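Trainee: Mind having a look at this structure? Questions to follow.
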Amino acid sequence: MAQLKAISPCSSLNLSVHVPKSDLMLCNDNVSFSKKSALFQELGARNSELQGDAVVSNKGNGLRVHCNKGIQAVLSHDKATEVFDATKTKGLRGKLNKVVLAYSGGLDTSVIVPWLRAVKFSQLNQIGVNYVARENYGCEVVCFTADVGQGVGELEGLEQKAKASGACQLVVKDLQEEFVRDFIFPCLRAGAIYERKYLLGTSMARPVIAKVRFELTFFALNPELNVVAPWREWDITGREDAIEYAKKHNVPVPVTKKSIYSRDRNLWHLSHEGDILEDPANEPKEDMYMMSTSPEAAPDKPEYVEIGIVSGLPVSVNGVKLSPASLLSKLNEIGGKHGIGRIDMVENRLVGMKSRGVYETPGGTILFTAVRELESLTLDRETMQVKDSLALKYAELVYAGRWFDPLRESMDAFMEKITEKTNGSVRLKLYKGSVSVASRTSPNSLYREDISSFESGQIYDQADAAGFIRLYGLPMRVRAMLEKGI
């Protein structure tokens, strides 16, 4: 007899089943029993009941099996121990060794950690088997947090919380500059606004964070990756269920049943959903807002801010050149002080249902206003109309998680080309929640005072309009003549 110990990387579980050494086979793609063994026949086992690549090597007095499921099996000369996946569920359950979870520390991701790792002990005493049946995935969970400007408060204590939830490791990476430069600025240049209001704060963060639930991004980057979407599998039906699950597994969460807002924050915006907001008839409570001052409580004196723009992208604030992330952070501070950028909207989700959300985007609102005002000088009518029409589709693609779609990339090339002459500066007036333009200047301005003046000039003569009006109105005159039988 031999002993085979199965050790999970995140636990110290030792499970036993007696089996003759001759009944154990080690294969290059799985670990299984010989089909001739009594244990195989009694359990109705299949060749795939232990998944994962296994590499076998002899070391000392034992035989060591390295499996990509994170299970190390060590044979000694006593008795045999075996572990198998007793679940019959479909999909990837029991087939994954390690899962990387895009982790925010919020309610959803906090309960996903113990849910992914959940195991259930069972015994088959009639045949003398002790085994672990994976209730969910029973895999190692590595949490990944992208710092996209969600704030120091949200990152403090995150590692301790992740590990307390059952994660083996937390990896944090600062992606703020990349987020603003490579994702926010292209949307800003394109003028992408979803359904007239939403400035795509969460949608733009998806590709840079590559959250697990946004499979389209993963499929574009690596179609061979497996994606786990717990909310399509688990029995947690609402946020109150999630809170109960968290309490059951001793996972600290930042919400309670009395205050149950769902928030998503990054350097571009802060979104609020849930609680009283689920009824569109309810006005948001003032204490819900976190990035902006109430317009009523904003300073009584307006503040002016000047945005420098090169090729359709902001480069400076009040004459000071800043990096993309620093520039946005500065405008968030200025705009938030004056109550800028609060949006309350009912939007159409991709799956067809409507959802109500409240967004705070102080710096983003200032930037969108500045870029549009400068474009009024640098873009001609036809170009502006085409740009605006494409901006709608651009926003839809980003909202739907199709950042790496060739169509969006092609439209991005168009946006870059037509805004290459959008250079100059815009001075804006901020006052109690409003943003209004005070001045705009550009070396590439198509505005000519000598042409636009109401005074007669050499380039444009008011009398020239008569012939143009007759030709422009010709189709309407022809239709009128037809209706009157002329």
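Every chain in the structure tokens takes a letter, A first, then B, and so on in the order presented; its residues are numbered from 1, and the ligands are numbered from 1 following the presented order.
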Which residues, written as a ChimeraX atom specification, have at least one atom at most 9 Å from A:Phe179, with only C-alpha atoms counted and residues fewer than 4 positions away on the same chain left out?

Mentor: /A:148,175,183-185,204-205,208-209,267,324-325

Trainee: Pull all heavy atoms from the residues just selected and write them as a PDB file, in the first residue's frame.

Mentor:
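Result file follows (again.pdb):
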ATOM      1  N   VAL A 148      -6.840  52.832 -10.381  1.00  0.00           N
ATOM      2  CA  VAL A 148      -7.258  53.747 -11.439  1.00  0.00           C
ATOM      3  C   VAL A 148      -7.803  55.037 -10.837  1.00  0.00           C
ATOM      4  O   VAL A 148      -8.638  55.714 -11.437  1.00  0.00           O
ATOM      5  CB  VAL A 148      -8.291  53.095 -12.380  1.00  0.00           C
ATOM      6  CG1 VAL A 148      -7.643  52.041 -13.250  1.00  0.00           C
ATOM      7  CG2 VAL A 148      -9.466  52.517 -11.585  1.00  0.00           C
ATOM      8  N   LEU A 175      -2.285  52.189 -12.347  1.00  0.00           N
ATOM      9  CA  LEU A 175      -2.572  52.329 -13.772  1.00  0.00           C
ATOM     10  C   LEU A 175      -3.223  53.670 -14.102  1.00  0.00           C
ATOM     11  O   LEU A 175      -3.845  53.821 -15.154  1.00  0.00           O
ATOM     12  CB  LEU A 175      -3.492  51.189 -14.239  1.00  0.00           C
ATOM     13  CG  LEU A 175      -2.951  49.772 -14.098  1.00  0.00           C
ATOM     14  CD1 LEU A 175      -4.027  48.766 -14.488  1.00  0.00           C
ATOM     15  CD2 LEU A 175      -1.713  49.568 -14.945  1.00  0.00           C
ATOM     16  N   PHE A 183      -7.223  55.548 -22.416  1.00  0.00           N
ATOM     17  CA  PHE A 183      -8.629  55.172 -22.445  1.00  0.00           C
ATOM     18  C   PHE A 183      -9.565  56.366 -22.303  1.00  0.00           C
ATOM     19  O   PHE A 183     -10.505  56.521 -23.082  1.00  0.00           O
ATOM     20  CB  PHE A 183      -8.898  54.127 -21.353  1.00  0.00           C
ATOM     21  CG  PHE A 183      -8.134  52.857 -21.569  1.00  0.00           C
ATOM     22  CD1 PHE A 183      -6.878  52.669 -21.013  1.00  0.00           C
ATOM     23  CD2 PHE A 183      -8.659  51.843 -22.351  1.00  0.00           C
ATOM     24  CE1 PHE A 183      -6.154  51.518 -21.227  1.00  0.00           C
ATOM     25  CE2 PHE A 183      -7.963  50.667 -22.575  1.00  0.00           C
ATOM     26  CZ  PHE A 183      -6.694  50.506 -22.019  1.00  0.00           C
ATOM     27  N   ILE A 184      -9.310  57.212 -21.312  1.00  0.00           N
ATOM     28  CA  ILE A 184     -10.175  58.382 -21.129  1.00  0.00           C
ATOM     29  C   ILE A 184      -9.993  59.387 -22.259  1.00  0.00           C
ATOM     30  O   ILE A 184     -10.966  59.857 -22.860  1.00  0.00           O
ATOM     31  CB  ILE A 184      -9.906  59.046 -19.763  1.00  0.00           C
ATOM     32  CG1 ILE A 184     -10.441  58.172 -18.632  1.00  0.00           C
ATOM     33  CG2 ILE A 184     -10.549  60.435 -19.702  1.00  0.00           C
ATOM     34  CD1 ILE A 184     -10.188  58.739 -17.247  1.00  0.00           C
ATOM     35  N   PHE A 185      -8.750  59.736 -22.564  1.00  0.00           N
ATOM     36  CA  PHE A 185      -8.498  60.765 -23.570  1.00  0.00           C
ATOM     37  C   PHE A 185      -9.023  60.401 -24.961  1.00  0.00           C
ATOM     38  O   PHE A 185      -9.557  61.272 -25.661  1.00  0.00           O
ATOM     39  CB  PHE A 185      -7.011  61.104 -23.610  1.00  0.00           C
ATOM     40  CG  PHE A 185      -6.601  62.118 -22.561  1.00  0.00           C
ATOM     41  CD1 PHE A 185      -7.491  62.528 -21.568  1.00  0.00           C
ATOM     42  CD2 PHE A 185      -5.326  62.674 -22.560  1.00  0.00           C
ATOM     43  CE1 PHE A 185      -7.124  63.458 -20.600  1.00  0.00           C
ATOM     44  CE2 PHE A 185      -4.945  63.614 -21.605  1.00  0.00           C
ATOM     45  CZ  PHE A 185      -5.848  63.997 -20.624  1.00  0.00           C
ATOM     46  N   MET A 204     -15.011  52.901 -19.467  1.00  0.00           N
ATOM     47  CA  MET A 204     -13.636  53.146 -19.884  1.00  0.00           C
ATOM     48  C   MET A 204     -12.638  52.423 -18.993  1.00  0.00           C
ATOM     49  O   MET A 204     -11.519  52.113 -19.421  1.00  0.00           O
ATOM     50  CB  MET A 204     -13.345  54.646 -19.883  1.00  0.00           C
ATOM     51  CG  MET A 204     -14.089  55.417 -20.956  1.00  0.00           C
ATOM     52  SD  MET A 204     -13.594  57.146 -21.059  1.00  0.00           S
ATOM     53  CE  MET A 204     -14.113  57.779 -19.470  1.00  0.00           C
ATOM     54  N   ALA A 205     -13.033  52.155 -17.751  1.00  0.00           N
ATOM     55  CA  ALA A 205     -12.115  51.476 -16.831  1.00  0.00           C
ATOM     56  C   ALA A 205     -12.069  49.975 -17.079  1.00  0.00           C
ATOM     57  O   ALA A 205     -11.115  49.310 -16.682  1.00  0.00           O
ATOM     58  CB  ALA A 205     -12.537  51.755 -15.389  1.00  0.00           C
ATOM     59  N   VAL A 208      -8.889  48.589 -19.020  1.00  0.00           N
ATOM     60  CA  VAL A 208      -7.615  48.742 -18.312  1.00  0.00           C
ATOM     61  C   VAL A 208      -7.568  47.866 -17.071  1.00  0.00           C
ATOM     62  O   VAL A 208      -6.521  47.360 -16.678  1.00  0.00           O
ATOM     63  CB  VAL A 208      -7.348  50.221 -17.955  1.00  0.00           C
ATOM     64  CG1 VAL A 208      -8.253  50.715 -16.861  1.00  0.00           C
ATOM     65  CG2 VAL A 208      -5.886  50.420 -17.583  1.00  0.00           C
ATOM     66  N   ILE A 209      -8.684  47.650 -16.444  1.00  0.00           N
ATOM     67  CA  ILE A 209      -8.732  46.770 -15.286  1.00  0.00           C
ATOM     68  C   ILE A 209      -8.883  45.313 -15.729  1.00  0.00           C
ATOM     69  O   ILE A 209      -8.395  44.399 -15.082  1.00  0.00           O
ATOM     70  CB  ILE A 209      -9.904  47.149 -14.348  1.00  0.00           C
ATOM     71  CG1 ILE A 209      -9.720  48.571 -13.830  1.00  0.00           C
ATOM     72  CG2 ILE A 209     -10.003  46.179 -13.192  1.00  0.00           C
ATOM     73  CD1 ILE A 209     -10.893  49.066 -13.006  1.00  0.00           C
ATOM     74  N   LEU A 267     -10.591  57.631 -11.278  1.00  0.00           N
ATOM     75  CA  LEU A 267     -10.144  59.014 -11.396  1.00  0.00           C
ATOM     76  C   LEU A 267     -11.096  59.863 -12.234  1.00  0.00           C
ATOM     77  O   LEU A 267     -11.129  61.091 -12.102  1.00  0.00           O
ATOM     78  CB  LEU A 267      -8.742  59.052 -12.010  1.00  0.00           C
ATOM     79  CG  LEU A 267      -7.942  60.348 -11.850  1.00  0.00           C
ATOM     80  CD1 LEU A 267      -7.796  60.712 -10.383  1.00  0.00           C
ATOM     81  CD2 LEU A 267      -6.574  60.216 -12.501  1.00  0.00           C
ATOM     82  N   PRO A 324      -1.456  63.496 -17.830  1.00  0.00           N
ATOM     83  CA  PRO A 324      -2.898  63.229 -17.950  1.00  0.00           C
ATOM     84  C   PRO A 324      -3.602  62.985 -16.616  1.00  0.00           C
ATOM     85  O   PRO A 324      -4.641  63.588 -16.340  1.00  0.00           O
ATOM     86  CB  PRO A 324      -2.937  61.976 -18.836  1.00  0.00           C
ATOM     87  CG  PRO A 324      -1.725  62.102 -19.694  1.00  0.00           C
ATOM     88  CD  PRO A 324      -0.678  62.698 -18.798  1.00  0.00           C
ATOM     89  N   ALA A 325      -3.036  62.122 -15.775  1.00  0.00           N
ATOM     90  CA  ALA A 325      -3.677  61.819 -14.495  1.00  0.00           C
ATOM     91  C   ALA A 325      -3.656  63.022 -13.560  1.00  0.00           C
ATOM     92  O   ALA A 325      -4.637  63.303 -12.865  1.00  0.00           O
ATOM     93  CB  ALA A 325      -3.018  60.616 -13.831  1.00  0.00           C
TER      94      ALA A 325
END

Trainee: Do a neighbour search on stretch 281-287 of chain A at 10 Å with only C-alpha atoms, toss out local chain neighbours closer than 6 positions, and write the hits as a list of chain:residue names.

Mentor: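 Here the answer would be A:His272, A:Asp275, A:Thr293, A:Ser294, A:Asp344, A:Gly357, A:Val358.
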
Trainee: Using only C-alpha atoms for the distances, tell me which of A:Ile366, A:Val227, A:Val351, A:Leu170 is nearest to A:Leu328.

Mentor: A:Ile366

Trainee: What is the distance, in Å and to one decimal place, between atom CA of A:Gly467 and atom CA of A:Leu446?

Mentor: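 Taking atom CA of A:Gly467 and atom CA of A:Leu446, their separation equals 24.0 Å.
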
Trainee: With distances taken over only C-alpha atoms, which residue among A:Ser442, A:Asn332, A:Ser104, A:Ser203 lies nearest A:Glu156?

Mentor: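 Going through A:Ser442, A:Asn332, A:Ser104, A:Ser203 one by one, the smallest distance to A:Glu156 is for A:Ser104.
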
Trainee: Would you mind telling me which residue in A:Gly191, A:Gly401, A:Gly312, A:Gly473 lies nearest to A:Lys387 when using only C-alpha atoms?

Mentor: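 Nearest to A:Lys387: A:Gly191.
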
Trainee: May I have the residues within 12 Å of A:Phe368 as an NGL selection string, using only C-alpha atoms and disregarding those fewer than 2 positions away in the same chain?

Mentor: :A and (184-193 or 197-199 or 268 or 307 or 309 or 312-314 or 328 or 331 or 341 or 361-366 or 370-375 or 426 or 428 or 435-437)

Trainee: Which is closer to A:Gly274 than all the others in A:Arg356, A:Arg196, A:Arg342, A:Arg349, using only C-alpha atoms?

Mentor: A:Arg356

Trainee: Work out how far apart atom CA of A:Asn348 and atom CA of A:Tyr289 are and give it in Å to one decimal.

Mentor: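 If I compute the distance from atom CA of A:Asn348 to atom CA of A:Tyr289, I get 22.9 Å.
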
Trainee: Mind pulling up the distance from atom CA of A:Glu233 to atom CA of A:Leu96?

Mentor: 15.7 Å

Trainee: Please list as a list in words every residue within 8 Å of A:Gly308, counting only C-alpha atoms and excluding residues in the same chain fewer than 3 positions away.

Mentor: Pro314, Val315, Ser316, Val317, Asn318, Gly319, Asn423, Gly424, Ser425 and Val426 of chain A

Trainee: Could you save those same residues with all heavy atoms as a PDB file, in the first residue's frame?

Mentor:
ATOM      1  N   PRO A 314      -6.403  67.632 -23.784  1.00  0.00           N
ATOM      2  CA  PRO A 314      -5.954  68.641 -22.809  1.00  0.00           C
ATOM      3  C   PRO A 314      -4.521  68.398 -22.375  1.00  0.00           C
ATOM      4  O   PRO A 314      -4.104  67.244 -22.180  1.00  0.00           O
ATOM      5  CB  PRO A 314      -6.929  68.454 -21.648  1.00  0.00           C
ATOM      6  CG  PRO A 314      -7.375  67.033 -21.754  1.00  0.00           C
ATOM      7  CD  PRO A 314      -7.417  66.714 -23.212  1.00  0.00           C
ATOM      8  N   VAL A 315      -3.777  69.478 -22.220  1.00  0.00           N
ATOM      9  CA  VAL A 315      -2.375  69.357 -21.809  1.00  0.00           C
ATOM     10  C   VAL A 315      -2.028  70.253 -20.626  1.00  0.00           C
ATOM     11  O   VAL A 315      -0.998  70.051 -19.970  1.00  0.00           O
ATOM     12  CB  VAL A 315      -1.423  69.677 -22.978  1.00  0.00           C
ATOM     13  CG1 VAL A 315      -1.580  68.658 -24.105  1.00  0.00           C
ATOM     14  CG2 VAL A 315      -1.650  71.092 -23.502  1.00  0.00           C
ATOM     15  N   SER A 316      -2.875  71.249 -20.336  1.00  0.00           N
ATOM     16  CA  SER A 316      -2.526  72.176 -19.250  1.00  0.00           C
ATOM     17  C   SER A 316      -3.762  72.735 -18.575  1.00  0.00           C
ATOM     18  O   SER A 316      -4.858  72.761 -19.152  1.00  0.00           O
ATOM     19  CB  SER A 316      -1.671  73.329 -19.790  1.00  0.00           C
ATOM     20  OG  SER A 316      -2.417  74.133 -20.691  1.00  0.00           O
ATOM     21  N   VAL A 317      -3.572  73.200 -17.343  1.00  0.00           N
ATOM     22  CA  VAL A 317      -4.617  73.869 -16.569  1.00  0.00           C
ATOM     23  C   VAL A 317      -4.045  75.182 -16.066  1.00  0.00           C
ATOM     24  O   VAL A 317      -3.013  75.199 -15.382  1.00  0.00           O
ATOM     25  CB  VAL A 317      -5.085  73.008 -15.376  1.00  0.00           C
ATOM     26  CG1 VAL A 317      -6.094  73.781 -14.526  1.00  0.00           C
ATOM     27  CG2 VAL A 317      -5.690  71.710 -15.864  1.00  0.00           C
ATOM     28  N   ASN A 318      -4.692  76.276 -16.458  1.00  0.00           N
ATOM     29  CA  ASN A 318      -4.238  77.614 -16.067  1.00  0.00           C
ATOM     30  C   ASN A 318      -2.766  77.850 -16.416  1.00  0.00           C
ATOM     31  O   ASN A 318      -1.991  78.399 -15.626  1.00  0.00           O
ATOM     32  CB  ASN A 318      -4.480  77.845 -14.569  1.00  0.00           C
ATOM     33  CG  ASN A 318      -5.955  77.858 -14.231  1.00  0.00           C
ATOM     34  OD1 ASN A 318      -6.790  78.253 -15.041  1.00  0.00           O
ATOM     35  ND2 ASN A 318      -6.289  77.412 -13.028  1.00  0.00           N
ATOM     36  N   GLY A 319      -2.393  77.366 -17.600  1.00  0.00           N
ATOM     37  CA  GLY A 319      -1.042  77.591 -18.096  1.00  0.00           C
ATOM     38  C   GLY A 319       0.022  76.646 -17.594  1.00  0.00           C
ATOM     39  O   GLY A 319       1.163  76.716 -18.017  1.00  0.00           O
ATOM     40  N   ASN A 423      -6.243  72.879 -31.757  1.00  0.00           N
ATOM     41  CA  ASN A 423      -5.245  73.401 -30.826  1.00  0.00           C
ATOM     42  C   ASN A 423      -5.700  74.760 -30.298  1.00  0.00           C
ATOM     43  O   ASN A 423      -6.322  75.534 -31.027  1.00  0.00           O
ATOM     44  CB  ASN A 423      -3.893  73.566 -31.524  1.00  0.00           C
ATOM     45  CG  ASN A 423      -3.411  72.288 -32.170  1.00  0.00           C
ATOM     46  OD1 ASN A 423      -3.390  71.239 -31.539  1.00  0.00           O
ATOM     47  ND2 ASN A 423      -3.020  72.382 -33.439  1.00  0.00           N
ATOM     48  N   GLY A 424      -5.378  75.036 -29.063  1.00  0.00           N
ATOM     49  CA  GLY A 424      -5.729  76.333 -28.500  1.00  0.00           C
ATOM     50  C   GLY A 424      -6.058  76.250 -27.029  1.00  0.00           C
ATOM     51  O   GLY A 424      -5.591  75.342 -26.323  1.00  0.00           O
ATOM     52  N   SER A 425      -6.858  77.174 -26.558  1.00  0.00           N
ATOM     53  CA  SER A 425      -7.229  77.192 -25.141  1.00  0.00           C
ATOM     54  C   SER A 425      -8.668  77.670 -24.988  1.00  0.00           C
ATOM     55  O   SER A 425      -9.185  78.427 -25.811  1.00  0.00           O
ATOM     56  CB  SER A 425      -6.302  78.106 -24.333  1.00  0.00           C
ATOM     57  OG  SER A 425      -6.408  79.444 -24.782  1.00  0.00           O
ATOM     58  N   VAL A 426      -9.285  77.194 -23.913  1.00  0.00           N
ATOM     59  CA  VAL A 426     -10.663  77.565 -23.600  1.00  0.00           C
ATOM     60  C   VAL A 426     -10.722  78.003 -22.145  1.00  0.00           C
ATOM     61  O   VAL A 426     -10.195  77.310 -21.258  1.00  0.00           O
ATOM     62  CB  VAL A 426     -11.632  76.392 -23.835  1.00  0.00           C
ATOM     63  CG1 VAL A 426     -13.047  76.774 -23.429  1.00  0.00           C
ATOM     64  CG2 VAL A 426     -11.590  75.944 -25.289  1.00  0.00           C
TER      65      VAL A 426
END

Trainee: DSSP on the backbone, then: every residue of stretch 217-454 of chain A marked helix (DSSP H, G or I), written as a ChimeraX atom specification.

Mentor: /A:217-221,230-232,239-248,275-278,286-288,295-297,324-337,362-378,381-399,406-418,449-452

Trainee: List every residue of stretch 192-416 of chain A that DSSP, applied to the backbone, labels as strand (DSSP E or B), and write the result as a ChimeraX atom specification.

Mentor: /A:194,198,262-265,270-273,303-310,313-317,320-321,342-348,354-360

Trainee: Near A:Ser434, within 9 Å and counting only C-alpha atoms, which residues show up once chain neighbours fewer than 5 positions away are dropped, as an MDAnalysis selection string?

Mentor: chainID A and resid 295 338:341 429

Trainee: Need to verify the contact set: A:Leu158, 8 Å, only C-alpha atoms, exclusion of same-chain residues closer than 4 positions in sequence. Can you return it as a count of residues only?

Mentor: 3
